[in-house]
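K.L.:
File name model_12.cif; file contents mmCIF, C-alpha atoms; full text below.
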```cif
data_structure
#
loop_
_atom_site.group_PDB
_atom_site.id
_atom_site.type_symbol
_atom_site.label_atom_id
_atom_site.label_comp_id
_atom_site.auth_asym_id
_atom_site.auth_seq_id
_atom_site.Cartn_x
_atom_site.Cartn_y
_atom_site.Cartn_z
ATOM 1 C CA MET A 1 8.526 0.364 8.605
ATOM 2 C CA PHE A 2 5.885 -2.112 7.651
ATOM 3 C CA ASN A 3 3.966 -2.202 4.369
ATOM 4 C CA ASN A 4 4.934 1.218 3.110
ATOM 5 C CA TYR A 5 2.864 2.782 0.367
ATOM 6 C CA GLY A 6 2.636 6.067 -1.474
ATOM 7 C CA PRO A 7 3.356 7.869 -4.732
ATOM 8 C CA ARG A 8 6.181 6.522 -6.902
ATOM 9 C CA GLN A 9 6.154 3.094 -5.225
ATOM 10 C CA ASN A 10 6.785 0.100 -7.436
ATOM 11 C CA PRO A 11 3.348 -0.758 -8.877
ATOM 12 C CA ARG A 12 3.898 -4.461 -8.161
ATOM 13 C CA TYR A 13 3.378 -3.940 -4.427
ATOM 14 C CA LEU A 14 -0.145 -4.478 -3.119
ATOM 15 C CA THR A 15 -1.355 -0.860 -3.018
ATOM 16 C CA GLY A 16 0.003 -0.077 -6.467
ATOM 17 C CA THR A 17 -1.407 -3.319 -7.862
ATOM 18 C CA ILE A 18 -4.885 -2.436 -6.622
ATOM 19 C CA ILE A 19 -4.733 1.175 -7.837
ATOM 20 C CA THR A 20 -3.263 0.437 -11.262
ATOM 21 C CA GLN A 21 -5.774 -2.330 -11.901
ATOM 22 C CA ALA A 22 -8.638 -0.060 -10.798
ATOM 23 C CA LEU A 23 -7.440 2.639 -13.192
ATOM 24 C CA GLU A 24 -7.357 0.187 -16.117
ATOM 25 C CA ARG A 25 -9.783 -2.676 -15.434
ATOM 26 C CA GLU A 26 -13.265 -3.396 -14.108
ATOM 27 C CA GLU A 27 -12.071 -6.358 -12.048
ATOM 28 C CA ILE A 28 -9.285 -6.200 -9.455
ATOM 29 C CA GLU A 29 -7.561 -9.585 -9.285
ATOM 30 C CA LEU A 30 -5.572 -10.289 -6.121
ATOM 31 C CA GLY A 31 -4.193 -13.270 -4.256
ATOM 32 C CA ASN A 32 -5.158 -14.180 -0.688
ATOM 33 C CA LEU A 33 -7.620 -11.599 0.654
ATOM 34 C CA GLU A 34 -7.460 -12.666 4.312
ATOM 35 C CA PRO A 35 -4.002 -11.639 5.593
ATOM 36 C CA MET A 36 -3.950 -8.634 7.904
ATOM 37 C CA ARG A 37 -1.437 -5.847 7.348
ATOM 38 C CA ASP A 38 -0.384 -2.577 8.968
ATOM 39 C CA PHE A 39 0.208 0.095 6.324
ATOM 40 C CA CYS A 40 2.475 3.141 6.757
ATOM 41 C CA TYR A 41 2.313 6.118 4.383
ATOM 42 C CA CYS A 42 5.720 7.015 2.953
ATOM 43 C CA THR A 43 6.063 10.473 4.552
ATOM 44 C CA ASP A 44 5.266 9.016 7.972
ATOM 45 C CA GLY A 45 7.985 6.450 7.349
ATOM 46 C CA VAL A 46 10.505 9.136 6.444
ATOM 47 C CA ARG A 47 9.563 11.051 9.587
ATOM 48 C CA GLY A 48 10.064 7.839 11.562
ATOM 49 C CA HIS A 49 13.562 7.378 10.146
ATOM 50 C CA LEU A 50 14.427 10.977 10.958
ATOM 51 C CA ALA A 51 13.032 10.691 14.490
ATOM 52 C CA VAL A 52 15.185 7.625 15.145
ATOM 53 C CA THR A 53 18.251 9.310 13.639
ATOM 54 C CA LEU A 54 17.831 12.480 15.675
ATOM 55 C CA GLU A 55 16.434 11.187 18.948
ATOM 56 C CA GLY A 56 16.716 7.407 19.056
ATOM 57 C CA ILE A 57 19.247 5.379 20.994
ATOM 58 C CA ALA A 58 22.049 4.022 18.800
ATOM 59 C CA GLY A 59 21.752 0.258 18.364
ATOM 60 C CA ASP A 60 18.132 0.062 19.522
ATOM 61 C CA VAL A 61 15.352 -1.299 17.310
ATOM 62 C CA TYR A 62 12.377 0.889 16.416
ATOM 63 C CA CYS A 63 9.199 0.038 14.513
ATOM 64 C CA TYR A 64 6.568 2.268 13.033
ATOM 65 C CA GLY A 65 3.267 1.883 11.297
ATOM 66 C CA GLU A 66 -0.383 2.645 12.091
ATOM 67 C CA SER A 67 -0.503 0.109 14.954
ATOM 68 C CA ARG A 68 -3.669 -1.407 13.527
ATOM 69 C CA ASN A 69 -4.426 -4.195 11.089
ATOM 70 C CA ILE A 70 -6.572 -4.256 8.005
ATOM 71 C CA SER A 71 -7.226 -7.282 5.810
ATOM 72 C CA VAL A 72 -6.107 -7.273 2.185
ATOM 73 C CA LEU A 73 -9.791 -7.375 1.201
ATOM 74 C CA ASP A 74 -10.659 -4.395 3.395
ATOM 75 C CA TRP A 75 -7.569 -2.488 2.158
ATOM 76 C CA ALA A 76 -8.620 -3.074 -1.442
ATOM 77 C CA THR A 77 -12.188 -2.053 -0.588
ATOM 78 C CA LEU A 78 -10.910 1.152 1.069
ATOM 79 C CA ILE A 79 -8.805 2.000 -1.988
ATOM 80 C CA LEU A 80 -11.718 1.387 -4.344
ATOM 81 C CA GLN A 81 -14.019 3.496 -2.168
ATOM 82 C CA VAL A 82 -11.600 6.446 -1.981
ATOM 83 C CA GLY A 83 -10.896 6.280 -5.718
ATOM 84 C CA GLY A 84 -14.584 6.046 -6.539
ATOM 85 C CA ASP A 85 -15.464 8.929 -4.213
ATOM 86 C CA ASN A 86 -12.813 11.065 -5.926
ATOM 87 C CA GLY A 87 -14.025 10.235 -9.445
ATOM 88 C CA TYR A 88 -11.086 8.077 -10.573
ATOM 89 C CA TRP A 89 -13.207 5.041 -11.445
ATOM 90 C CA PRO A 90 -16.754 3.648 -11.246
ATOM 91 C CA ALA A 91 -17.609 0.600 -9.133
ATOM 92 C CA ARG A 92 -15.023 -2.176 -9.351
ATOM 93 C CA LYS A 93 -15.146 -5.868 -8.440
ATOM 94 C CA ILE A 94 -12.488 -7.619 -6.308
ATOM 95 C CA THR A 95 -11.685 -11.265 -6.999
ATOM 96 C CA SER A 96 -9.174 -13.680 -5.518
ATOM 97 C CA ALA A 97 -6.916 -15.805 -7.689
ATOM 98 C CA GLU A 98 -4.803 -16.979 -4.772
ATOM 99 C CA GLU A 99 -3.601 -20.148 -6.460
ATOM 100 C CA ARG A 100 -2.008 -18.082 -9.272
ATOM 101 C CA PHE A 101 -0.110 -15.729 -6.968
ATOM 102 C CA ARG A 102 1.099 -17.678 -3.938
ATOM 103 C CA PRO A 103 2.041 -21.324 -3.644
ATOM 104 C CA GLY A 104 0.318 -23.071 -0.748
ATOM 105 C CA ALA A 105 0.053 -21.362 2.621
ATOM 106 C CA SER A 106 2.924 -18.911 2.150
ATOM 107 C CA ASP A 107 1.276 -15.764 3.519
ATOM 108 C CA VAL A 108 1.939 -14.453 6.998
ATOM 109 C CA ILE A 109 -1.580 -14.133 8.404
ATOM 110 C CA ALA A 110 -1.164 -10.953 10.484
ATOM 111 C CA LEU A 111 1.419 -8.200 10.779
ATOM 112 C CA ARG A 112 0.783 -5.299 13.155
ATOM 113 C CA VAL A 113 3.284 -2.738 14.311
ATOM 114 C CA GLY A 114 3.499 -1.347 17.808
ATOM 115 C CA TYR A 115 5.171 2.069 17.708
ATOM 116 C CA GLU A 116 4.821 2.819 21.433
ATOM 117 C CA LYS A 117 8.587 2.804 22.071
ATOM 118 C CA LEU A 118 9.260 5.199 19.202
ATOM 119 C CA ASN A 119 6.449 7.469 20.391
ATOM 120 C CA ARG A 120 7.650 7.382 23.987
ATOM 121 C CA GLU A 121 11.259 8.200 23.067
ATOM 122 C CA THR A 122 10.742 10.632 20.165
ATOM 123 C CA GLY A 123 7.072 11.651 20.080
ATOM 124 C CA TRP A 124 6.613 10.080 16.629
ATOM 125 C CA ARG A 125 3.146 9.031 15.574
ATOM 126 C CA PRO A 126 1.553 8.625 12.149
ATOM 127 C CA HIS A 127 0.134 11.868 10.729
ATOM 128 C CA VAL A 128 -1.380 10.678 7.445
ATOM 129 C CA SER A 129 -4.609 8.673 7.717
ATOM 130 C CA TRP A 130 -5.087 5.680 5.474
ATOM 131 C CA GLU A 131 -7.805 7.549 3.576
ATOM 132 C CA GLU A 132 -5.599 10.583 2.933
ATOM 133 C CA GLY A 133 -2.564 8.477 2.049
ATOM 134 C CA VAL A 134 -4.602 6.363 -0.353
ATOM 135 C CA ALA A 135 -6.076 9.503 -1.974
ATOM 136 C CA ARG A 136 -2.601 10.964 -2.514
ATOM 137 C CA THR A 137 -1.332 7.678 -3.909
ATOM 138 C CA ILE A 138 -4.250 7.265 -6.300
ATOM 139 C CA ALA A 139 -3.768 10.844 -7.562
ATOM 140 C CA TRP A 140 -0.108 10.167 -8.338
ATOM 141 C CA TYR A 141 -0.806 6.928 -10.218
ATOM 142 C CA ALA A 142 -3.651 8.565 -12.162
ATOM 143 C CA ASP A 143 -1.431 11.483 -13.180
ATOM 144 C CA ASN A 144 1.617 9.356 -14.037
ATOM 145 C CA ARG A 145 0.466 6.369 -16.100
ATOM 146 C CA ASP A 146 3.570 6.611 -18.273
ATOM 147 C CA ARG A 147 5.730 5.989 -15.180
ATOM 148 C CA TRP A 148 4.109 2.656 -14.256
ATOM 149 C CA ILE A 149 2.139 1.172 -17.145
ATOM 150 C CA GLY A 150 5.068 -0.899 -18.440
ATOM 151 C CA ARG A 151 6.004 -2.110 -14.976
ATOM 152 C CA VAL A 152 2.828 -3.877 -13.868
ATOM 153 C CA ASP A 153 2.653 -7.642 -14.060
ATOM 154 C CA TRP A 154 -1.121 -8.036 -14.268
ATOM 155 C CA ARG A 155 -1.450 -6.925 -17.900
ATOM 156 C CA THR A 156 -3.814 -9.171 -19.885
ATOM 157 C CA THR A 157 -1.430 -9.646 -22.804
ATOM 158 C CA GLY A 158 0.603 -12.211 -20.889
ATOM 159 C CA VAL A 159 3.798 -10.488 -22.061
ATOM 160 C CA ARG A 160 5.551 -8.040 -19.757
ATOM 161 C CA GLU A 161 6.169 -4.705 -21.384
ATOM 162 C CA SER A 162 9.728 -3.393 -21.268
ATOM 163 C CA GLU A 163 10.598 -0.896 -18.558
#
```
Go ahead and express the file in the form of structure tokens.

P.N.:
Amino acid sequence: MFNNYGPRQNPRYLTGTIITQALEREEIELGNLEPMRDFCYCTDGVRGHLAVTLEGIAGDVYCYGESRNISVLDWATLILQVGGDNGYWPARKITSAEERFRPGASDVIALRVGYEKLNRETGWRPHVSWEEGVARTIAWYADNRDRWIGRVDWRTTGVRESE
């Protein structure tokens, strides 16, 4: 699986970082906004694992994701739009502080998954759209602040809270 996301994910990963900041701050501060990623909602990933286990060929390699790219900026914009449309936050601003988060040119520019082999051999395909997956993920983070608030590393205090 590539770039999994969903409820209960560590809030330090990209999707959780965007959502938790949007729930708490007016400005979403991220690193490089240009890299392209292929995101896979957690239940689709679980279904992919099960499909390979039940119908895949032992020893073969299988990949699964959406089979399309989205830039970090566009992913953040999508999350903010879905959250705003569902009343979780008002308008938010996205800024890049790339020099603080990644040294030099350390990002892979594009990752896209082709799941054709898995589909051909098992019939697997993603079922959860990015919009629906993001909405479910936002709802979980909004309802479970106590489960993530001490685990984020963007807090303004400069001191990490204990887990």

K.L.:
Once the PyMOL selection byres ((chain A and resi 63) around 8) has been evaluated on this model, what residues remain selected, and can you format them as a list in words?

P.N.:
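In the shown coordinates, the PyMOL selection byres ((chain A and resi 63) around 8) covers Met1, Phe2, Val61, Tyr62, Tyr64, Gly65, Val113, Gly114, Tyr115 and Leu118 of chain A.
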
K.L.:
Between CA of Thr95 in chain A and CA of Glu29 in chain A, what is the distance, to one decimal in Å?

P.N.:
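Value for the CA of Thr95 in chain A-CA of Glu29 in chain A distance: 5.0 Å.
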
K.L.:
At a cut-off of 10 Å, using all atoms listed in the file, what residues contact Glu26 in chain A? Leave out same-chain residues fewer than 3 positions from it and give the result as a list in words.

P.N.:
Gln21, Ala22, Leu23, Glu29, Trp89, Pro90, Ala91, Arg92, Lys93 and Ile94 of chain A

K.L.:
Interatomic distance between CA of Gln9 in chain A and CA of Trp140 in chain A?

P.N.:
9.9 Å

K.L.:
Compare A:Ala51, A:Cys42, A:Ala58, A:Leu80 by their minimum atom-to-atom distance to Val128 in chain A, counting all atoms listed in the file, and give me the closest one.

P.N.:
A:Cys42

K.L.:
Find the distance between CA of Gly31 in chain A and CA of Ile79 in chain A and write it in Å to one decimal.

P.N.:
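Separation between CA of Gly31 in chain A and CA of Ile79 in chain A: 16.1 Å.
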
K.L.:
Measuring atom to atom with only C-alpha atoms, identify which of A:Phe39, A:Trp148, A:Tyr88, A:Trp124 is nearest to Glu66 in chain A.

P.N.:
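Looking at the shortest contact to Glu66 in chain A, the residue is A:Phe39.
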
K.L.:
Could you tell me which residues the PyMOL selection byres ((chain A and resi 37) around 7) returns for this structure, as a PyMOL selection string?

P.N.:
chain A and resi 35-36+38-39+69-71+110-112

K.L.:
Between A:Ala135, A:Ile18, A:Ala142, A:Ile149, which is the closest to Asp74 in chain A once you count all atoms listed in the file?

P.N.:
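Distance minimum relative to Asp74 in chain A lands on A:Ile18.
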
K.L.:
Hey, what's within 9 Å of Arg12 in chain A if we count all atoms listed in the file and toss same-chain stuff fewer than 5 positions away? As a PDB file with C-alpha atoms, in the coordinates of the input, please?

P.N.:
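Done, and the output landed in part.pdb:
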```
ATOM      1  CA  THR A  17      -1.407  -3.319  -7.862  1.00  0.00           C
ATOM      2  CA  ARG A 151       6.004  -2.110 -14.976  1.00  0.00           C
ATOM      3  CA  VAL A 152       2.828  -3.877 -13.868  1.00  0.00           C
ATOM      4  CA  ASP A 153       2.653  -7.642 -14.060  1.00  0.00           C
ATOM      5  CA  TRP A 154      -1.121  -8.036 -14.268  1.00  0.00           C
TER       6      TRP A 154
END
```

K.L.:
Using the chain letters and numbers from the file, give me the residues hit by the PyMOL selection byres ((chain A and resi 131) around 10), as a short mmCIF file (atom, residue, chain, number, x, y, z; two decimals) with C-alpha atoms, in the coordinates of the input.

P.N.:
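After the write, expr_17.cif holds the following:
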```cif
data_model
loop_
_atom_site.label_atom_id
_atom_site.label_comp_id
_atom_site.auth_asym_id
_atom_site.auth_seq_id
_atom_site.Cartn_x
_atom_site.Cartn_y
_atom_site.Cartn_z
CA LEU A 78 -10.91 1.15 1.07
CA ILE A 79 -8.80 2.00 -1.99
CA GLN A 81 -14.02 3.50 -2.17
CA VAL A 82 -11.60 6.45 -1.98
CA GLY A 83 -10.90 6.28 -5.72
CA VAL A 128 -1.38 10.68 7.44
CA SER A 129 -4.61 8.67 7.72
CA TRP A 130 -5.09 5.68 5.47
CA GLU A 132 -5.60 10.58 2.93
CA GLY A 133 -2.56 8.48 2.05
CA VAL A 134 -4.60 6.36 -0.35
CA ALA A 135 -6.08 9.50 -1.97
CA ARG A 136 -2.60 10.96 -2.51
CA THR A 137 -1.33 7.68 -3.91
#
```

K.L.:
Have a look at A:Thr53, A:Asn144, A:Thr77, A:Thr122 and name the one nearest to Pro7 in chain A; count only C-alpha atoms.

P.N.:
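Of A:Thr53, A:Asn144, A:Thr77, A:Thr122, the one nearest Pro7 in chain A is A:Asn144, counting only C-alpha atoms.
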
K.L.:
Show me, as AutoDock Vina command-line options, the centre and edge lengths in Å to one decimal of the axis-aligned box that covers every listed atom of range 23-35 of chain A with 6 Å on each side.

P.N.:
```
--center_x -8.6 --center_y -5.8 --center_z -5.3 --size_x 21.3 --size_y 28.8 --size_z 33.7
```

K.L.:
Between A:Asp85, A:Thr43, A:Tyr141, A:Asn4, which one has atoms that come closest to Ile19 in chain A, using all atoms listed in the file?

P.N.:
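Smallest distance to Ile19 in chain A is found for A:Tyr141.
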